[in-house]
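**Student:** Pasting a structure here, questions to come.
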Amino acid sequence: MTGKRDVLDEPKRRTIIHAVYLITALDITWMFLQFSITPFLAKKLGFDTLWFGYLQTTVGIIQLFGGPLFGRYADLFGARVALSLACSATVVFFLLLAIAENPLMLFIHKIPTVFMHVLPASQMVVADLTEPEKRADALSKLGLCFGIGIIAGSTLGGHLTKQYGESFAACVGAVGSVFSLLLVLKFIPKTTKFQAPTTQTESENKSKSVFNVGEIKKLMEYPGVTLKFVVKIVAGLPSGIFQVMFSVIALEIFELQPEQNGYLMAFFGIVQMVIQGGVLGRLTQKYSESSLLLLSIGLSSLVGLGQAYMQSVLHLCLTIIPMMLSISLFNVIIDSMLTKSVPSSETGTMLGLCSSVQSLLRTVGPTVGGFLYVNYGYSSIGIIQFLVNIAVFVYLWHRQLKTEEHNQ
C-alpha cells in the first residue's frame, strides 16, 4: 500500500472512488432502463416465454465467458481502457436495441454484452485504491449505487417506454452511456495498480495475453482461493435461483399486477440502499470477515425456510429484508476475501471470475428453477436453499473451530 500512496495521494484516490460510484450508479440505471424495454419489444416482435428465456440465457452464456477475459484485460491494460471499453460496448448495445426490428436483431444486440462489465471493473478500481481493512466497506457502497440504479432505471425506463416507445428509450440509454464514457475519460487514471509496468521480455509478454487461460486458472492456486470460490458458487446458487424465478412467483402465485410489481422492485431498491449504505459498513468495522460470512450463509438458510412457507404478499415483503441483507453481505464479504487472496495485479481477473458466477446463475437458474417450480412447487426452491446453506454453514463453522484450536 505504500507504493500506492506514492502514486496517488489520498484526495486524488477519494475523487477517483467517488467518480467510480457515480459511473456505477449510471451504468445500473441504463441497464434497468433496458430491462423496461426488452420484454415489451420482444413481445411486439412475437417472442413467447420460451424464446424470451433463450434470449436471457444467451446473455448469460456470453457474459459467463466474457467476465474472466474482461477482468484479465483490465489487469493488463488498466482501469481507464477497461471502463472505456465497457461503456463503449454499452453505447453499441443500446444503438442496436434502438434499431431492432426483427427477432434476429434482438439476439444480435446482445453480442456487445461480452464487454459490458462496468461493475467488476469498478470493483477492481475500488479494491486497488482502498486499504484491505476498509475494502469491504468501500465495496458495499457500490451496492448502494446498485440500489439507486434499480429505482432510477426502472422508473425512467417505464416512463420513457410508455410515453415515447422502445426505440426512443434505447436512444436515451445510448446517450447516457456516452456520458458515462466521458466521466471515465475525465476522472479514471490509466492504471490503479501501484506497481508500475516494466519492460517485458518476449516470454513474459506471451504470459500476459488476455486469452491465456492458464494465467486465469493459476488464480485458484493461491491459498484459500479455491475454497472461497466454491463457497461463492454453492451457497449463492439457491438464492440466485429464487431471484431468477421471482417474477414468475410474483405473477403466478401472488398474482401481482405490473404496477404492483414495479412498487415491489422499488421496495427492493430502497432496502438494498439502506443495507449497503447504512448497515454493511458498520458490520464490517465491528466484526471479522469470516464471522460475517458465516452470518450471511446462516441467515440465507433461514430466509430459504421462510420463502418455502410464505403465503401472502406481506410474507414476501417480510422475507425481502433479511434476504437482501444476506445476499448483500455474502457478495461483499466473499468478493473482498477473494481480492485479498490474490496480488493487486490480479484483482481485475479475480473480480471477472466473480462476475462470471452471476452469469452462471443467469444461465442455469431459469432451467433449474423452472424444473423445481413446475414439478415440486415454489416451496421446493426455498427448501433447497435452506438445506444447501445450512450444510455450507456447518462445514465452515466446523472448519473455523478447527483452525482456532490449531492456532491455540
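Here's how to read the names in the C-alpha cells: chain A, B, ... by the order shown, residue numbers from 1 in each chain, ligand numbers from 1 in the order shown.
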Can you tell me, as a PyMOL selection string, what residues are no more than 6 Å from region 359-365 of chain A when counting only C-alpha atoms, ignoring any on the same chain fewer than 6 positions away?

**Tutor:** chain A and resi 57+60+63-64+241

**Student:** I need the residues from that last selection saved to file as a JSON list (two decimals), in the first residue's frame (with N, CA, C and O atoms), if you can.

**Tutor:**
[["chain", "number", "residue", "atom", "x", "y", "z"],
["A", 57, "THR", "N", -30.83, -16.48, -21.64],
["A", 57, "THR", "CA", -29.76, -17.46, -21.50],
["A", 57, "THR", "C", -28.57, -17.10, -22.37],
["A", 57, "THR", "O", -27.41, -17.31, -21.99],
["A", 60, "GLY", "N", -26.46, -14.70, -20.57],
["A", 60, "GLY", "CA", -25.73, -15.37, -19.50],
["A", 60, "GLY", "C", -24.50, -16.10, -20.02],
["A", 60, "GLY", "O", -23.42, -16.03, -19.42],
["A", 63, "GLN", "N", -21.72, -13.55, -21.17],
["A", 63, "GLN", "CA", -21.02, -12.91, -20.06],
["A", 63, "GLN", "C", -20.29, -13.91, -19.19],
["A", 63, "GLN", "O", -19.32, -13.55, -18.51],
["A", 64, "LEU", "N", -20.72, -15.17, -19.22],
["A", 64, "LEU", "CA", -20.03, -16.21, -18.47],
["A", 64, "LEU", "C", -18.59, -16.34, -18.95],
["A", 64, "LEU", "O", -17.66, -16.47, -18.14],
["A", 241, "ILE", "N", -31.29, -18.76, -7.79],
["A", 241, "ILE", "CA", -32.43, -19.38, -8.46],
["A", 241, "ILE", "C", -33.73, -18.68, -8.06],
["A", 241, "ILE", "O", -34.59, -18.41, -8.90]]

**Student:** Compile a residue-level contact table for region 118-230 of chain A against region 278-284 of chain A at a cut-off of 12 Å, reporting for every qualifying residue the shortest atom pair and its distance in Å to one decimal, with only C-alpha atoms counted, rows ordered by chain and ascending number, as a tab-separated table.

**Tutor:**
residue	atom	partner	partner_atom	distance
A:Pro132	CA	A:Thr284	CA	11.5
A:Glu133	CA	A:Thr284	CA	8.7
A:Lys134	CA	A:Thr284	CA	8.2
A:Arg135	CA	A:Thr284	CA	9.3
A:Ala136	CA	A:Thr284	CA	6.7
A:Asp137	CA	A:Gly281	CA	4.7
A:Ala138	CA	A:Gly281	CA	7.9
A:Leu139	CA	A:Gly281	CA	9.4
A:Ser140	CA	A:Leu280	CA	6.6
A:Lys141	CA	A:Gly281	CA	8.3
A:Leu142	CA	A:Leu280	CA	11.4
A:Gly143	CA	A:Leu280	CA	9.9
A:Leu144	CA	A:Gly278	CA	9.1

**Student:** Between A:Leu69, A:Cys87, A:Leu22, A:Ile384, single out the one closest to Leu353 (chain A), counting only C-alpha atoms.

**Tutor:**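 Looking only at the distances to Leu353 (chain A), the closest residue turns out to be A:Leu69.
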
**Student:** Considering only C-alpha atoms, return as a PyMOL selection string whatever protein or nucleic-acid residues lie within 10 Å of Ile148 (chain A), sequence-local ones (same chain, fewer than 4 positions apart) excluded.

**Tutor:** chain A and resi 24-26+28-29+142-144+152-153+266+269-270+272-273

**Student:** List the neighbours of region 317-323 of chain A out to 10 Å using only C-alpha atoms; skip same-chain residues closer than 5 positions along the sequence, and give me the result as a ChimeraX atom specification.

**Tutor:** /A:239,264,267-268,271-272,275,296,299-307,310,312,328-329

**Student:** Residues as selected, all heavy atoms, written as a short mmCIF file (atom, residue, chain, number, x, y, z; two decimals), in the first residue's frame, can you do that?

**Tutor:**
data_model
loop_
_atom_site.label_atom_id
_atom_site.label_comp_id
_atom_site.auth_asym_id
_atom_site.auth_seq_id
_atom_site.Cartn_x
_atom_site.Cartn_y
_atom_site.Cartn_z
N SER A 239 -30.07 -19.06 -3.70
CA SER A 239 -30.70 -17.74 -3.63
C SER A 239 -30.77 -17.11 -5.02
O SER A 239 -31.70 -16.36 -5.33
CB SER A 239 -29.94 -16.82 -2.67
OG SER A 239 -28.59 -16.66 -3.09
N LEU A 264 -42.93 -3.21 -5.88
CA LEU A 264 -42.13 -4.19 -5.17
C LEU A 264 -40.65 -4.07 -5.55
O LEU A 264 -39.77 -4.18 -4.69
CB LEU A 264 -42.64 -5.60 -5.48
CG LEU A 264 -42.15 -6.74 -4.58
CD1 LEU A 264 -42.51 -6.46 -3.12
CD2 LEU A 264 -42.73 -8.07 -5.02
N PHE A 267 -39.25 -1.23 -3.76
CA PHE A 267 -39.00 -1.63 -2.37
C PHE A 267 -37.68 -2.38 -2.26
O PHE A 267 -36.90 -2.16 -1.33
CB PHE A 267 -40.16 -2.50 -1.88
CG PHE A 267 -40.01 -2.97 -0.45
CD1 PHE A 267 -39.88 -2.06 0.59
CD2 PHE A 267 -39.98 -4.34 -0.16
CE1 PHE A 267 -39.75 -2.50 1.90
CE2 PHE A 267 -39.84 -4.78 1.15
CZ PHE A 267 -39.73 -3.86 2.18
N PHE A 268 -37.41 -3.27 -3.24
CA PHE A 268 -36.13 -3.96 -3.32
C PHE A 268 -34.99 -2.94 -3.31
O PHE A 268 -34.01 -3.08 -2.57
CB PHE A 268 -36.04 -4.77 -4.62
CG PHE A 268 -36.40 -6.22 -4.46
CD1 PHE A 268 -37.62 -6.69 -4.85
CD2 PHE A 268 -35.48 -7.12 -3.93
CE1 PHE A 268 -37.95 -8.02 -4.72
CE2 PHE A 268 -35.79 -8.46 -3.81
CZ PHE A 268 -37.04 -8.92 -4.20
N VAL A 271 -34.57 -1.05 0.08
CA VAL A 271 -33.98 -1.93 1.10
C VAL A 271 -32.48 -2.11 0.84
O VAL A 271 -31.67 -2.04 1.76
CB VAL A 271 -34.70 -3.30 1.11
CG1 VAL A 271 -33.94 -4.29 2.00
CG2 VAL A 271 -36.12 -3.14 1.61
N GLN A 272 -32.13 -2.32 -0.43
CA GLN A 272 -30.71 -2.51 -0.75
C GLN A 272 -29.90 -1.25 -0.46
O GLN A 272 -28.78 -1.34 0.06
CB GLN A 272 -30.54 -2.89 -2.22
CG GLN A 272 -29.09 -3.05 -2.63
CD GLN A 272 -28.89 -3.99 -3.79
OE1 GLN A 272 -29.82 -4.65 -4.22
NE2 GLN A 272 -27.70 -4.05 -4.31
N ILE A 275 -29.37 -1.04 3.34
CA ILE A 275 -28.44 -2.07 3.83
C ILE A 275 -27.01 -1.75 3.40
O ILE A 275 -26.08 -1.76 4.21
CB ILE A 275 -28.86 -3.46 3.31
CG1 ILE A 275 -30.16 -3.89 4.01
CG2 ILE A 275 -27.76 -4.49 3.55
CD1 ILE A 275 -30.75 -5.16 3.45
N SER A 296 -23.98 -14.40 7.03
CA SER A 296 -24.73 -14.26 5.78
C SER A 296 -25.26 -15.61 5.30
O SER A 296 -26.41 -15.71 4.84
CB SER A 296 -23.85 -13.63 4.70
OG SER A 296 -22.79 -14.49 4.34
N LEU A 299 -28.05 -16.81 7.76
CA LEU A 299 -29.26 -16.02 7.53
C LEU A 299 -29.94 -16.44 6.24
O LEU A 299 -31.18 -16.52 6.16
CB LEU A 299 -28.91 -14.54 7.49
CG LEU A 299 -30.06 -13.53 7.35
CD1 LEU A 299 -31.06 -13.69 8.49
CD2 LEU A 299 -29.53 -12.11 7.29
N SER A 300 -29.15 -16.73 5.20
CA SER A 300 -29.71 -17.17 3.92
C SER A 300 -30.48 -18.48 4.06
O SER A 300 -31.52 -18.68 3.41
CB SER A 300 -28.59 -17.32 2.89
OG SER A 300 -29.10 -17.72 1.63
N SER A 301 -29.98 -19.39 4.91
CA SER A 301 -30.69 -20.65 5.12
C SER A 301 -32.06 -20.41 5.76
O SER A 301 -33.06 -21.03 5.38
CB SER A 301 -29.86 -21.60 5.99
OG SER A 301 -29.72 -21.10 7.30
N LEU A 302 -32.13 -19.48 6.73
CA LEU A 302 -33.40 -19.14 7.37
C LEU A 302 -34.35 -18.45 6.40
O LEU A 302 -35.57 -18.66 6.43
CB LEU A 302 -33.15 -18.26 8.59
CG LEU A 302 -32.35 -18.90 9.72
CD1 LEU A 302 -32.13 -17.90 10.85
CD2 LEU A 302 -33.05 -20.15 10.25
N VAL A 303 -33.79 -17.61 5.53
CA VAL A 303 -34.60 -16.95 4.50
C VAL A 303 -35.24 -17.98 3.58
O VAL A 303 -36.42 -17.89 3.23
CB VAL A 303 -33.75 -15.96 3.68
CG1 VAL A 303 -34.50 -15.49 2.44
CG2 VAL A 303 -33.36 -14.76 4.53
N GLY A 304 -34.46 -19.00 3.20
CA GLY A 304 -35.00 -20.07 2.35
C GLY A 304 -36.16 -20.76 3.02
O GLY A 304 -37.18 -21.07 2.37
N LEU A 305 -36.04 -21.01 4.32
CA LEU A 305 -37.13 -21.66 5.06
C LEU A 305 -38.37 -20.76 5.08
O LEU A 305 -39.50 -21.24 4.91
CB LEU A 305 -36.66 -21.95 6.48
CG LEU A 305 -37.42 -23.03 7.27
CD1 LEU A 305 -37.35 -24.37 6.57
CD2 LEU A 305 -36.85 -23.14 8.69
N GLY A 306 -38.16 -19.46 5.27
CA GLY A 306 -39.28 -18.53 5.26
C GLY A 306 -39.95 -18.45 3.90
O GLY A 306 -41.19 -18.40 3.80
N GLN A 307 -39.16 -18.46 2.84
CA GLN A 307 -39.71 -18.40 1.48
C GLN A 307 -40.50 -19.66 1.14
O GLN A 307 -41.47 -19.61 0.38
CB GLN A 307 -38.59 -18.19 0.47
CG GLN A 307 -37.97 -16.80 0.54
CD GLN A 307 -36.69 -16.68 -0.26
OE1 GLN A 307 -36.10 -17.68 -0.66
NE2 GLN A 307 -36.24 -15.46 -0.49
N MET A 310 -44.04 -19.06 2.81
CA MET A 310 -44.76 -17.78 2.72
C MET A 310 -46.10 -17.99 1.99
O MET A 310 -46.19 -18.75 1.03
CB MET A 310 -43.91 -16.73 2.02
CG MET A 310 -43.49 -17.06 0.62
SD MET A 310 -42.35 -15.81 -0.04
CE MET A 310 -42.03 -16.47 -1.68
N SER A 312 -48.46 -15.06 1.57
CA SER A 312 -49.07 -13.80 1.13
C SER A 312 -47.99 -12.83 0.69
O SER A 312 -46.78 -13.06 0.91
CB SER A 312 -49.90 -13.18 2.26
OG SER A 312 -49.06 -12.79 3.33
N SER A 328 -26.48 -9.26 0.11
CA SER A 328 -25.54 -8.14 0.05
C SER A 328 -24.30 -8.44 0.88
O SER A 328 -23.16 -8.23 0.43
CB SER A 328 -26.21 -6.86 0.55
OG SER A 328 -27.33 -6.53 -0.24
N LEU A 329 -24.51 -8.95 2.08
CA LEU A 329 -23.39 -9.25 2.98
C LEU A 329 -22.51 -10.36 2.39
O LEU A 329 -21.28 -10.26 2.38
CB LEU A 329 -23.93 -9.67 4.34
CG LEU A 329 -22.94 -9.80 5.50
CD1 LEU A 329 -22.20 -8.49 5.73
CD2 LEU A 329 -23.67 -10.22 6.78
#

**Student:** Hey, what's within 9 Å of Ile17 (chain A) if we count only C-alpha atoms and toss same-chain stuff fewer than 4 positions away? As a PyMOL selection string, please?

**Tutor:** chain A and resi 12-13+21-22+122+125-126+129+138+188

**Student:** Write the selection just made, keeping all heavy atoms, as a compact mmCIF listing (two decimals), in the first residue's frame?

**Tutor:**
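File result.txt, as written:
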# COMPACT_ATOMS: atom_id res chain seq x y z
N LYS A 12 -6.82 12.50 -4.16
CA LYS A 12 -6.97 12.01 -5.54
C LYS A 12 -7.66 10.67 -5.57
O LYS A 12 -8.55 10.43 -6.39
CB LYS A 12 -5.58 11.91 -6.19
CG LYS A 12 -5.60 11.41 -7.64
CD LYS A 12 -6.27 12.40 -8.56
CE LYS A 12 -6.14 11.95 -10.01
NZ LYS A 12 -6.85 12.85 -10.94
N ARG A 13 -7.26 9.78 -4.66
CA ARG A 13 -7.91 8.47 -4.61
C ARG A 13 -9.38 8.60 -4.26
O ARG A 13 -10.23 7.89 -4.82
CB ARG A 13 -7.20 7.58 -3.59
CG ARG A 13 -5.88 7.00 -4.07
CD ARG A 13 -5.40 5.92 -3.13
NE ARG A 13 -4.94 6.47 -1.87
CZ ARG A 13 -4.87 5.78 -0.73
NH1 ARG A 13 -5.29 4.54 -0.71
NH2 ARG A 13 -4.43 6.34 0.37
N TYR A 21 -18.16 5.45 -8.17
CA TYR A 21 -19.51 5.26 -7.64
C TYR A 21 -20.56 5.87 -8.58
O TYR A 21 -21.61 5.26 -8.84
CB TYR A 21 -19.64 5.89 -6.25
CG TYR A 21 -18.89 5.17 -5.15
CD1 TYR A 21 -18.48 5.84 -4.01
CD2 TYR A 21 -18.59 3.81 -5.26
CE1 TYR A 21 -17.80 5.19 -2.98
CE2 TYR A 21 -17.91 3.15 -4.25
CZ TYR A 21 -17.52 3.84 -3.11
OH TYR A 21 -16.83 3.19 -2.11
N LEU A 22 -20.28 7.07 -9.08
CA LEU A 22 -21.22 7.73 -9.99
C LEU A 22 -21.34 6.96 -11.30
O LEU A 22 -22.46 6.75 -11.81
CB LEU A 22 -20.75 9.16 -10.27
CG LEU A 22 -21.57 9.98 -11.27
CD1 LEU A 22 -23.03 10.08 -10.83
CD2 LEU A 22 -20.97 11.36 -11.47
N SER A 122 -15.32 -1.51 -11.93
CA SER A 122 -15.43 -0.54 -10.84
C SER A 122 -14.98 -1.16 -9.52
O SER A 122 -14.30 -0.51 -8.71
CB SER A 122 -16.88 -0.06 -10.72
OG SER A 122 -17.30 0.59 -11.90
N VAL A 125 -11.20 -1.09 -9.37
CA VAL A 125 -10.66 0.22 -9.03
C VAL A 125 -10.77 0.47 -7.52
O VAL A 125 -9.81 0.91 -6.87
CB VAL A 125 -11.39 1.33 -9.81
CG1 VAL A 125 -10.92 2.71 -9.35
CG2 VAL A 125 -11.15 1.17 -11.31
N VAL A 126 -11.94 0.18 -6.96
CA VAL A 126 -12.15 0.39 -5.53
C VAL A 126 -11.22 -0.51 -4.72
O VAL A 126 -10.61 -0.06 -3.73
CB VAL A 126 -13.62 0.12 -5.16
CG1 VAL A 126 -13.81 0.14 -3.65
CG2 VAL A 126 -14.53 1.17 -5.81
N LEU A 129 -7.63 0.80 -4.74
CA LEU A 129 -7.37 2.10 -4.12
C LEU A 129 -7.76 2.19 -2.65
O LEU A 129 -7.73 3.27 -2.07
CB LEU A 129 -8.09 3.21 -4.90
CG LEU A 129 -7.65 3.40 -6.36
CD1 LEU A 129 -8.42 4.55 -6.99
CD2 LEU A 129 -6.15 3.66 -6.45
N ALA A 138 -15.90 -0.20 1.43
CA ALA A 138 -15.87 0.54 0.16
C ALA A 138 -16.63 -0.21 -0.93
O ALA A 138 -17.37 0.40 -1.73
CB ALA A 138 -14.42 0.78 -0.27
N ILE A 188 -10.91 8.77 -14.48
CA ILE A 188 -10.26 7.49 -14.18
C ILE A 188 -8.83 7.48 -14.72
O ILE A 188 -8.62 7.74 -15.91
CB ILE A 188 -11.05 6.30 -14.77
CG1 ILE A 188 -12.51 6.36 -14.31
CG2 ILE A 188 -10.41 4.98 -14.37
CD1 ILE A 188 -12.69 6.34 -12.82

**Student:** Just the number, please: distance in Å from CA of Ile334 (chain A) to CA of Met124 (chain A), one decimal.

**Tutor:** 14.2 Å

**Student:** Just list as a VMD selection string whatever in region 183-392 of chain A DSSP marks as alpha helix (DSSP H).

**Tutor:** chain A and resid 183 to 187 202 to 207 213 to 217 225 to 252 258 to 274 280 to 286 289 to 308 313 to 340 347 to 376 379 to 392

**Student:** What is the CA of Trp397 (chain A) to CA of Ser290 (chain A) distance in Å?

**Tutor:**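 Computing it gives 9.4 Å between the two atoms.
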
**Student:** Which neighbours of Phe371 (chain A) fall inside 12 Å, counting only C-alpha atoms, when residues of the same chain fewer than 4 positions from it are skipped, and could you give them as a PyMOL selection string?

**Tutor:** chain A and resi 241+245+364-367+375-378+380-381
